[in-house]
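Listing of model-v6.txt; format and content: compact mmCIF, C-alpha atoms.
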```
# COMPACT_ATOMS: atom_id res chain seq x y z
CA MET R 5 -0.07 -6.85 13.66
CA GLY R 6 0.86 -9.24 10.87
CA VAL R 7 -0.74 -12.12 12.80
CA VAL R 8 -3.99 -10.17 13.21
CA THR R 9 -4.00 -9.28 9.51
CA PHE R 10 -3.48 -12.91 8.50
CA TYR R 11 -6.26 -13.96 10.86
CA SER R 12 -8.65 -11.33 9.48
CA TYR R 13 -7.98 -12.37 5.89
CA TYR R 14 -8.55 -16.00 6.80
CA LEU R 15 -11.94 -15.06 8.28
CA MET R 16 -12.71 -13.01 5.17
CA SER R 17 -11.93 -16.03 3.00
CA LEU R 18 -14.34 -18.15 5.07
CA VAL R 19 -17.08 -15.54 4.71
CA LEU R 20 -16.61 -15.41 0.95
CA ASP R 21 -16.72 -19.20 0.76
CA HIS R 22 -19.90 -19.30 2.86
CA CYS R 23 -21.63 -16.76 0.60
CA GLU R 24 -20.54 -18.67 -2.49
CA LYS R 25 -21.96 -21.94 -1.18
CA ALA R 26 -25.22 -20.11 -0.49
CA GLY R 27 -25.35 -19.04 -4.13
CA ARG R 28 -24.18 -15.46 -3.54
CA ARG R 29 -20.74 -15.16 -5.08
CA HIS R 30 -19.22 -11.77 -4.43
CA ILE R 31 -16.30 -10.46 -6.44
CA ARG R 32 -16.21 -7.03 -4.82
CA PHE R 33 -15.53 -6.10 -1.19
CA ARG R 34 -18.32 -3.51 -1.19
CA GLU R 35 -20.90 -6.02 -2.43
CA LEU R 36 -19.89 -8.53 0.24
CA ALA R 37 -20.11 -5.96 3.06
CA ALA R 38 -23.52 -4.68 1.93
CA ASP R 39 -24.89 -8.24 1.61
CA VAL R 40 -23.68 -9.58 4.97
CA LEU R 41 -24.44 -6.46 7.00
CA GLY R 42 -27.69 -5.75 5.15
CA SER R 43 -26.98 -2.05 4.80
CA GLY R 44 -26.89 0.01 1.62
CA TRP R 45 -24.69 2.69 3.16
CA MET R 46 -22.01 0.07 3.88
CA PHE R 47 -21.64 -0.39 0.11
CA TYR R 48 -20.66 3.27 -0.29
CA PHE R 49 -18.56 3.26 2.89
CA VAL R 50 -16.39 0.46 1.50
CA ILE R 51 -16.15 2.26 -1.87
CA PHE R 52 -14.88 5.35 -0.04
CA ILE R 53 -12.33 3.37 1.99
CA GLN R 54 -11.09 1.38 -0.99
CA THR R 55 -10.81 4.52 -3.09
CA ALA R 56 -8.78 6.21 -0.34
CA ILE R 57 -6.48 3.20 -0.11
CA ASN R 58 -5.96 2.76 -3.83
CA THR R 59 -5.51 6.46 -4.54
CA GLY R 60 -3.10 6.87 -1.63
CA ILE R 61 -1.02 3.88 -2.72
CA SER R 62 -0.98 5.09 -6.33
CA ILE R 63 0.22 8.52 -5.21
CA GLY R 64 2.84 6.97 -2.93
CA ALA R 65 4.08 4.57 -5.63
CA ILE R 66 4.46 7.37 -8.19
CA LEU R 67 6.18 9.60 -5.61
CA LEU R 68 8.65 6.95 -4.46
CA ALA R 69 9.40 5.84 -8.02
CA GLY R 70 10.12 9.47 -8.94
CA GLU R 71 12.41 9.80 -5.95
CA CYS R 72 14.31 6.66 -6.99
CA LEU R 73 14.92 8.18 -10.43
CA GLN R 74 16.03 11.41 -8.76
CA ILE R 75 18.51 9.50 -6.55
CA MET R 76 20.03 7.83 -9.60
CA TYR R 77 20.13 11.12 -11.52
CA SER R 78 21.72 13.04 -8.61
CA ASN R 79 24.45 10.43 -8.37
CA LEU R 80 25.20 10.62 -12.10
CA SER R 81 24.77 14.40 -12.41
CA PRO R 82 25.07 16.07 -8.96
CA HIS R 83 24.40 19.59 -10.28
CA GLY R 84 21.83 18.70 -12.93
CA PRO R 85 18.79 20.97 -13.46
CA LEU R 86 16.06 18.34 -13.15
CA LYS R 87 13.87 18.42 -10.02
CA LEU R 88 11.76 15.78 -8.29
CA TYR R 89 8.55 16.79 -10.07
CA HIS R 90 10.24 16.19 -13.43
CA PHE R 91 10.86 12.56 -12.49
CA ILE R 92 7.35 12.21 -11.09
CA ALA R 93 6.05 13.39 -14.48
CA MET R 94 8.16 10.73 -16.20
CA VAL R 95 6.80 8.00 -13.94
CA THR R 96 3.27 9.28 -14.50
CA VAL R 97 3.65 8.93 -18.28
CA VAL R 98 4.86 5.33 -17.86
CA MET R 99 1.97 4.58 -15.49
CA ILE R 100 -0.51 5.96 -18.04
CA LEU R 101 0.77 3.48 -20.60
CA LEU R 102 0.73 0.56 -18.14
CA SER R 103 -2.73 1.49 -16.89
CA GLN R 104 -4.29 0.19 -20.09
CA PHE R 105 -3.94 -3.43 -18.93
CA PRO R 106 -7.60 -4.53 -18.90
CA SER R 107 -8.05 -6.49 -15.64
CA PHE R 108 -6.62 -8.19 -12.55
CA HIS R 109 -6.24 -11.45 -14.45
CA SER R 110 -4.08 -9.79 -17.07
CA LEU R 111 -1.66 -8.72 -14.29
CA ARG R 112 -0.83 -12.23 -13.04
CA HIS R 113 2.61 -12.33 -14.71
CA ILE R 114 3.42 -8.82 -13.47
CA ASN R 115 2.50 -9.91 -9.92
CA PHE R 116 4.91 -12.85 -10.11
CA VAL R 117 7.72 -10.62 -11.38
CA SER R 118 6.85 -8.19 -8.57
CA LEU R 119 7.43 -10.97 -6.03
CA LEU R 120 10.88 -11.70 -7.44
CA LEU R 121 11.72 -7.98 -7.46
CA SER R 122 10.74 -7.68 -3.77
CA LEU R 123 13.06 -10.51 -2.80
CA GLY R 124 15.89 -9.18 -4.96
CA TYR R 125 15.53 -5.62 -3.65
CA THR R 126 15.52 -6.81 -0.04
CA PHE R 127 18.64 -8.92 -0.56
CA LEU R 128 20.47 -5.95 -2.10
CA VAL R 129 19.35 -3.42 0.52
CA VAL R 130 20.25 -5.64 3.47
CA GLY R 131 23.64 -6.31 1.90
CA ALA R 132 24.15 -2.58 1.35
CA CYS R 133 23.20 -1.76 4.96
CA ILE R 134 25.59 -4.37 6.34
CA SER R 135 28.33 -3.01 4.10
CA ALA R 136 27.58 0.57 5.21
CA GLY R 137 27.46 -0.36 8.89
CA ALA R 138 30.81 -2.14 8.70
CA SER R 139 32.61 0.54 6.68
CA LYS R 140 34.90 3.24 8.03
CA ASN R 141 32.40 5.87 6.81
CA ALA R 142 29.58 4.38 8.87
CA PRO R 143 27.24 7.14 10.11
CA ARG R 144 26.88 7.94 13.78
CA ARG R 145 23.92 6.05 15.20
CA ASP R 146 21.31 7.58 17.48
CA TYR R 147 18.45 5.38 18.69
CA SER R 148 16.91 7.92 21.08
CA LEU R 149 13.20 8.81 20.99
CA GLU R 150 11.60 12.24 20.91
CA SER R 151 11.91 14.19 24.16
CA SER R 152 8.24 15.20 24.42
CA GLU R 153 5.89 12.52 25.76
CA SER R 154 2.97 13.77 23.66
CA SER R 155 5.14 13.68 20.53
CA ARG R 156 6.14 10.11 21.30
CA ILE R 157 2.48 9.11 21.67
CA PHE R 158 1.46 10.75 18.40
CA SER R 159 4.48 9.24 16.64
CA ALA R 160 3.57 5.80 17.99
CA PHE R 161 0.05 5.91 16.54
CA THR R 162 1.39 7.33 13.27
CA SER R 163 3.87 4.44 13.11
CA ILE R 164 1.11 1.91 13.80
CA SER R 165 -0.85 3.40 10.90
CA ILE R 166 2.17 3.04 8.61
CA ILE R 167 2.63 -0.60 9.68
CA ALA R 168 -1.07 -1.20 8.96
CA ALA R 169 -0.48 0.13 5.45
CA ILE R 170 2.44 -2.28 5.07
CA PHE R 171 0.53 -5.38 6.18
CA GLY R 172 -2.83 -4.36 4.71
CA ASN R 173 -4.35 -5.46 1.44
CA GLY R 174 -7.78 -3.93 0.94
CA ILE R 175 -8.67 -5.88 -2.21
CA LEU R 176 -8.83 -9.48 -0.90
CA PRO R 177 -12.33 -10.33 -2.28
CA GLU R 178 -11.31 -8.97 -5.67
CA ILE R 179 -8.23 -11.24 -5.60
CA GLN R 180 -10.15 -14.30 -4.39
CA ALA R 181 -12.70 -13.76 -7.17
CA THR R 182 -9.98 -14.60 -9.71
CA LEU R 183 -9.63 -18.13 -8.25
CA ALA R 184 -11.74 -21.09 -9.32
CA PRO R 185 -14.04 -22.35 -6.52
CA PRO R 186 -13.55 -23.65 -3.90
CA ALA R 187 -11.10 -20.86 -3.22
CA THR R 188 -10.61 -20.94 0.58
CA GLY R 189 -7.80 -23.51 0.60
CA LYS R 190 -6.00 -21.73 -2.24
CA MET R 191 -6.34 -18.39 -0.48
CA VAL R 192 -4.88 -19.79 2.75
CA LYS R 193 -1.84 -21.09 0.86
CA GLY R 194 -1.54 -17.73 -0.88
CA LEU R 195 -1.80 -15.84 2.41
CA ILE R 196 0.86 -18.00 4.04
CA MET R 197 3.26 -17.36 1.18
CA CYS R 198 2.32 -13.67 1.07
CA TYR R 199 2.98 -13.00 4.74
CA THR R 200 6.14 -15.07 4.75
CA VAL R 201 7.49 -12.83 2.00
CA ILE R 202 6.21 -9.66 3.74
CA PHE R 203 7.80 -10.63 7.06
CA PHE R 204 11.12 -11.42 5.42
CA THR R 205 11.29 -8.42 3.12
CA PHE R 206 9.93 -5.61 5.30
CA TYR R 207 11.50 -6.57 8.61
CA SER R 208 14.93 -7.46 7.26
CA ALA R 209 15.16 -4.13 5.40
CA ALA R 210 13.69 -2.15 8.34
CA VAL R 211 15.93 -3.73 11.00
CA SER R 212 19.13 -3.45 8.95
CA GLY R 213 18.33 0.16 8.00
CA TYR R 214 17.57 1.16 11.59
CA TRP R 215 20.72 -0.59 12.79
CA VAL R 216 22.87 1.52 10.46
CA PHE R 217 21.14 4.91 10.60
CA GLY R 218 19.08 4.87 13.81
CA ASN R 219 16.40 7.54 14.04
CA LYS R 220 17.97 9.40 11.09
CA SER R 221 16.96 6.67 8.69
CA ASN R 222 15.05 7.96 5.66
CA SER R 223 11.69 6.47 4.67
CA ASN R 224 13.46 5.53 1.43
CA ILE R 225 16.53 3.73 2.74
CA LEU R 226 18.30 4.24 -0.60
CA LYS R 227 18.32 7.97 0.16
CA SER R 228 20.27 7.28 3.35
CA LEU R 229 22.67 4.95 1.55
CA MET R 230 23.28 7.53 -1.20
CA PRO R 231 23.32 10.87 0.68
CA ASP R 232 23.28 14.21 -1.15
CA GLU R 233 26.61 15.09 0.46
CA GLY R 234 29.54 12.74 0.72
CA PRO R 235 30.26 9.37 -0.89
CA SER R 236 27.83 6.49 -1.20
CA LEU R 237 27.86 4.21 1.83
CA ALA R 238 27.70 1.04 -0.28
CA PRO R 239 28.93 0.00 -3.76
CA VAL R 240 27.27 2.19 -6.40
CA TRP R 241 26.55 -0.75 -8.71
CA LEU R 242 24.68 -2.53 -5.92
CA LEU R 243 22.58 0.52 -5.07
CA GLY R 244 21.90 1.17 -8.75
CA LEU R 245 20.58 -2.36 -9.18
CA ALA R 246 18.44 -1.96 -6.06
CA ILE R 247 16.97 1.26 -7.49
CA VAL R 248 16.05 -0.52 -10.73
CA PHE R 249 14.40 -3.34 -8.76
CA VAL R 250 12.34 -1.06 -6.51
CA LEU R 251 11.41 1.18 -9.43
CA LEU R 252 9.92 -1.75 -11.34
CA GLN R 253 8.26 -2.99 -8.15
CA LEU R 254 6.62 0.38 -7.52
CA LEU R 255 5.23 0.47 -11.05
CA ALA R 256 3.69 -2.96 -10.44
CA ILE R 257 2.22 -1.87 -7.08
CA GLY R 258 0.67 1.26 -8.56
CA LEU R 259 -0.74 -0.76 -11.43
CA VAL R 260 -2.38 -3.41 -9.22
CA TYR R 261 -3.92 -1.02 -6.69
CA SER R 262 -5.35 1.23 -9.40
CA GLN R 263 -7.55 -1.56 -10.72
CA VAL R 264 -10.39 -1.05 -8.22
CA ALA R 265 -10.60 2.65 -9.08
CA TYR R 266 -10.67 1.77 -12.77
CA GLU R 267 -13.44 -0.77 -12.22
CA ILE R 268 -15.57 1.78 -10.32
CA MET R 269 -15.16 4.38 -13.07
CA GLU R 270 -15.74 1.98 -15.94
CA LYS R 271 -18.82 0.44 -14.39
CA LYS R 272 -20.59 3.69 -15.24
CA SER R 273 -18.83 4.51 -18.51
CA ALA R 274 -18.61 1.11 -20.25
CA ASP R 275 -21.26 -0.57 -22.36
CA VAL R 276 -21.31 -4.27 -21.43
CA LYS R 277 -22.98 -5.11 -24.74
CA LYS R 278 -19.90 -3.90 -26.59
CA GLY R 279 -16.51 -5.62 -26.65
CA MET R 280 -13.71 -4.59 -24.29
CA PHE R 281 -11.65 -3.26 -27.19
CA SER R 282 -14.50 -1.69 -29.12
CA LYS R 283 -14.20 2.03 -29.83
CA ARG R 284 -17.20 2.67 -27.53
CA ASN R 285 -15.37 1.21 -24.51
CA LEU R 286 -11.72 1.71 -25.43
CA ILE R 287 -11.76 5.50 -25.77
CA PRO R 288 -13.51 6.21 -22.41
CA ARG R 289 -11.18 3.71 -20.71
CA ILE R 290 -8.06 5.41 -22.06
CA ILE R 291 -9.35 8.87 -21.08
CA LEU R 292 -10.57 7.96 -17.57
CA ARG R 293 -7.53 5.89 -16.63
CA SER R 294 -5.16 8.53 -17.95
CA LEU R 295 -6.93 11.31 -16.01
CA TYR R 296 -6.82 9.23 -12.81
CA VAL R 297 -3.07 8.60 -13.12
CA ILE R 298 -2.43 12.26 -14.00
CA ALA R 299 -4.34 13.34 -10.86
CA CYS R 300 -2.29 10.95 -8.70
CA GLY R 301 0.94 12.21 -10.28
CA PHE R 302 -0.08 15.84 -9.75
CA PHE R 303 -0.69 15.32 -6.03
CA ALA R 304 2.54 13.33 -5.69
CA ALA R 305 4.49 16.23 -7.21
CA MET R 306 2.60 18.94 -5.31
CA LEU R 307 2.81 17.36 -1.84
CA PRO R 308 5.59 14.74 -1.70
CA PHE R 309 4.80 13.54 1.85
CA PHE R 310 5.52 9.84 1.54
CA GLY R 311 5.51 8.95 5.25
CA ASP R 312 2.46 11.11 5.94
CA ILE R 313 0.54 9.64 2.99
CA SER R 314 1.33 6.11 4.17
CA ALA R 315 0.12 6.90 7.69
CA VAL R 316 -3.15 8.53 6.56
CA VAL R 317 -3.92 5.64 4.20
CA GLY R 318 -3.17 3.12 6.94
CA ALA R 319 -5.35 4.87 9.52
CA ILE R 320 -8.45 5.70 7.49
CA GLY R 321 -8.16 2.89 4.96
CA PHE R 322 -6.39 -0.28 5.97
CA ILE R 323 -7.31 -0.38 9.67
CA PRO R 324 -11.12 -0.30 9.19
CA LEU R 325 -11.04 -2.45 6.05
CA ASP R 326 -8.54 -5.08 7.20
CA PHE R 327 -8.72 -5.07 11.00
CA VAL R 328 -12.36 -4.27 11.76
CA LEU R 329 -14.73 -5.26 8.94
CA PRO R 330 -13.51 -8.89 8.49
CA MET R 331 -14.18 -9.69 12.16
CA LEU R 332 -17.61 -8.09 11.99
CA LEU R 333 -18.48 -9.91 8.74
CA TYR R 334 -17.44 -13.26 10.23
CA ASN R 335 -19.50 -12.80 13.39
CA MET R 336 -22.53 -11.69 11.36
CA THR R 337 -22.17 -14.62 8.93
CA TYR R 338 -21.33 -17.55 11.21
CA LYS R 339 -22.94 -16.13 14.38
CA PRO R 340 -20.62 -17.77 16.92
CA ARG R 341 -22.03 -18.21 20.42
CA LYS R 342 -21.39 -15.34 22.82
CA SER R 343 -19.65 -17.79 25.13
CA SER R 344 -17.19 -18.87 22.40
CA LEU R 345 -13.59 -17.70 22.19
CA ALA R 346 -13.97 -16.62 18.54
CA TYR R 347 -16.83 -14.26 19.40
CA TRP R 348 -14.86 -12.39 22.07
CA VAL R 349 -11.55 -12.42 20.20
CA ASN R 350 -13.21 -10.89 17.14
CA TYR R 351 -15.04 -8.18 19.03
CA SER R 352 -11.94 -7.40 21.09
CA ILE R 353 -10.01 -6.86 17.87
CA ILE R 354 -12.85 -4.67 16.54
CA VAL R 355 -12.82 -2.44 19.63
CA VAL R 356 -9.03 -2.20 19.94
CA PHE R 357 -8.38 -1.42 16.29
CA SER R 358 -11.31 0.99 16.05
CA CYS R 359 -9.66 3.03 18.81
CA VAL R 360 -6.23 2.64 17.18
CA GLY R 361 -7.69 3.77 13.85
CA ILE R 362 -9.25 6.90 15.35
CA MET R 363 -6.04 7.85 17.16
CA GLY R 364 -3.95 6.96 14.11
CA ALA R 365 -6.12 9.12 11.85
CA PHE R 366 -5.82 12.07 14.24
CA SER R 367 -2.03 11.74 14.67
CA SER R 368 -1.27 11.14 10.98
CA ILE R 369 -3.47 14.03 9.77
CA ARG R 370 -1.91 16.22 12.47
CA LYS R 371 1.57 15.42 11.16
CA LEU R 372 0.45 15.99 7.56
CA VAL R 373 -0.87 19.45 8.48
CA GLN R 374 2.31 20.31 10.40
CA ASP R 375 4.51 19.32 7.48
CA ALA R 376 2.30 21.14 4.97
CA ARG R 377 2.66 24.39 6.91
CA GLN R 378 6.45 24.30 6.55
CA PHE R 379 6.51 23.09 2.96
CA LYS R 380 6.79 24.77 -0.43
CA LEU R 381 4.56 23.27 -3.12
CA PHE R 382 6.34 21.20 -5.78
CA SER R 383 9.51 21.09 -3.71
CA SER R 384 12.29 18.71 -4.69
CA ASP R 385 12.52 17.15 -1.22
CA VAL R 386 10.39 14.22 -0.05
CA VAL R 387 8.99 14.67 3.46
CA ASP R 388 9.33 11.56 5.64
```
This entry written out as structure tokens:
Amino acid sequence: MGVVTFYSYYLMSLVLDHCEKAGRRHIRFRELAADVLGSGWMFYFVIFIQTAINTGISIGAILLAGECLQIMYSNLSPHGPLKLYHFIAMVTVVMILLSQFPSFHSLRHINFVSLLLSLGYTFLVVGACISAGASKNAPRRDYSLESSESSRIFSAFTSISIIAAIFGNGILPEIQATLAPPATGKMVKGLIMCYTVIFFTFYSAAVSGYWVFGNKSNSNILKSLMPDEGPSLAPVWLLGLAIVFVLLQLLAIGLVYSQVAYEIMEKKSADVKKGMFSKRNLIPRIILRSLYVIACGFFAAMLPFFGDISAVVGAIGFIPLDFVLPMLLYNMTYKPRKSSLAYWVNYSIIVVFSCVGIMGAFSSIRKLVQDARQFKLFSSDVVD
């Protein structure tokens, strides 16, 4: 899936470069899609998909950051009165303050720090998993699958949707717009580095976590390494440092992915004739961004379904935006011959991932509904 994502982003970069050479520079995904496909409804379709992605990621980042604080608190004060929603509220307040960064360009230093945090967190988690797996308190491992064939099928499509959310981006044109033209070569170098880091960080943590805990592994591996009952399965100082790293990383992720939502809101509320920090623009920006973050924090506290949220976002957001639209945009822009390999590869990917997206949406929403039926609102437990 990572290979397909890299390929789709490369095609997207070529389409953006082609439009720029033709005098139509697009800095928004929705503008690019509407221009190439010649359809006004596509503009609003992409807005809907991007909003779903960005809101889902913001909710997930706030939720997971709150859970990390709860893990640290539970270890320091096992019988303390604070619940998960208290920590989510704390994270929400911090996110409100950070949300006032004006633009993508102003986040460039945060993005670099985020990269270092990802590498550091992965190194610590893999080390902790190896330590836990080799210790005398190592948990019993069970790698068996679900007994029901239908459950296994639904779980497979839900898992594919989660993986799509991991490898997806959803804001590539917005990122490429920050580069000086010609941007294609720079984007390719950036994509190579990006997916090298993704492959190393996600797979090393996933494989080591599954090796230690099997099918009982928590969506937040730190939760498995620091269980509610019994001693920590790795040195506490190491896990504490990992929590700090991932907490800072989640704040950066939530900050970056909120930018598209902010831009959509402020396009209507801002006065371009006034300065960015003028009272006319500053007050609406503070109010709108704060309300958006508060809404995300409220839903994170009310329904802490991290795995389910990731699956829904992957199915209805990342799969159409990252696995279907780029292929379609390339074929519409460059018009490869029907006898060419590129033409058939692109349309094969479109068909396959359209079907995967439909099945993934059905299976992930099904699981979300099932979990919601058995769940108490504002509970202190995160549903995987």
Exercise for the section: Check the smallest atom-to-atom distance from each of R:Ser236, R:Asn224, R:Gln253, R:Thr162 to R:Ile362 using only C-alpha atoms, then report the winner. Expected result: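 Nearest to R:Ile362: R:Thr162.
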Problem - Sel. within 8 Å of pt (-0.5, 7.1, 5.2), counting all atoms listed in the file, output as a list in words - result: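 Here the neighbourhood of the point contains Gly60, Ser165, Ile166, Ala169, Phe310, Gly311, Asp312, Ile313, Ser314, Ala315, Val316, Val317, Gly318, Ala319 and Ser368 of chain R.
In this structure, atom CA of R:Ser159 sits 15.6 Å away from atom CA of R:Cys359.
Distance check against R:Val297 using all atoms listed in the file: of R:Ala346, R:Leu255, R:Val211, R:Leu88, the minimum falls on R:Leu255.
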Exercise for the section: Could you check which of R:Leu36, R:Lys190, R:Ala142, R:Cys300 is closest to R:Val19, using only C-alpha atoms? Expected result: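 Between R:Leu36, R:Lys190, R:Ala142, R:Cys300, the residue approaching R:Val19 most closely is R:Leu36.
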Exercise for the section: Give the answer as one residue: which of R:Tyr266, R:Phe302, R:Tyr199, R:Tyr296 has the shortest atom-to-atom distance to R:His90, using all atoms listed in the file? Expected result: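 Going through R:Tyr266, R:Phe302, R:Tyr199, R:Tyr296 one by one, the smallest distance to R:His90 is for R:Phe302.
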Handout entry: Residue nearest R:Tyr207 among R:Ile170, R:Val248, R:Leu149, R:Ile320 (counting only C-alpha atoms)
Key =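 The closest residue to R:Tyr207 is R:Ile170.
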Exercise for the section: For R:Leu243, list every protein, DNA or RNA residue within 9 Å, evaluated using all atoms listed in the file, and leave out those in the same chain fewer than 3 positions away; present the list as an MDAnalysis selection string. Expected result: chainID R and resid 76 128:129 132 226 229:230 236 238:240 246:248
Problem - Counting all atoms listed in the file, the option among R:Ile134, R:Ile323, R:Ile75, R:Ile369 closest to R:Leu237 - result: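 For R:Leu237, the nearest of the candidates is R:Ile134.
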Where is the centre and how long are the edges: axis-aligned box on stretch 15-28 of chain R, 3 Å on each side, Å to one decimal, as lines of an AutoDock Vina configuration file:
```
center_x = -18.6
center_y = -17.5
center_z = 2.1
size_x = 19.4
size_y = 14.9
size_z = 18.4
```
Practice task
Quote the spacing between atom CA of R:Leu332 and atom CA of R:Asn58 in Å to one decimal place.
Solution key: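 Taking atom CA of R:Leu332 as the start and atom CA of R:Asn58 as the end point, the length is 22.4 Å.
Atom CA of R:Ala56 is positioned 17.4 Å from atom CA of R:Leu292.
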Practice task
Would you mind listing what lies within 10 Å of R:Tyr11 as number ranges by chain, with all atoms listed in the file counted and same-chain residues fewer than 4 positions away left out?
Solution key: R: 5-7, 15-17, 195, 326-327, 330-331, 350
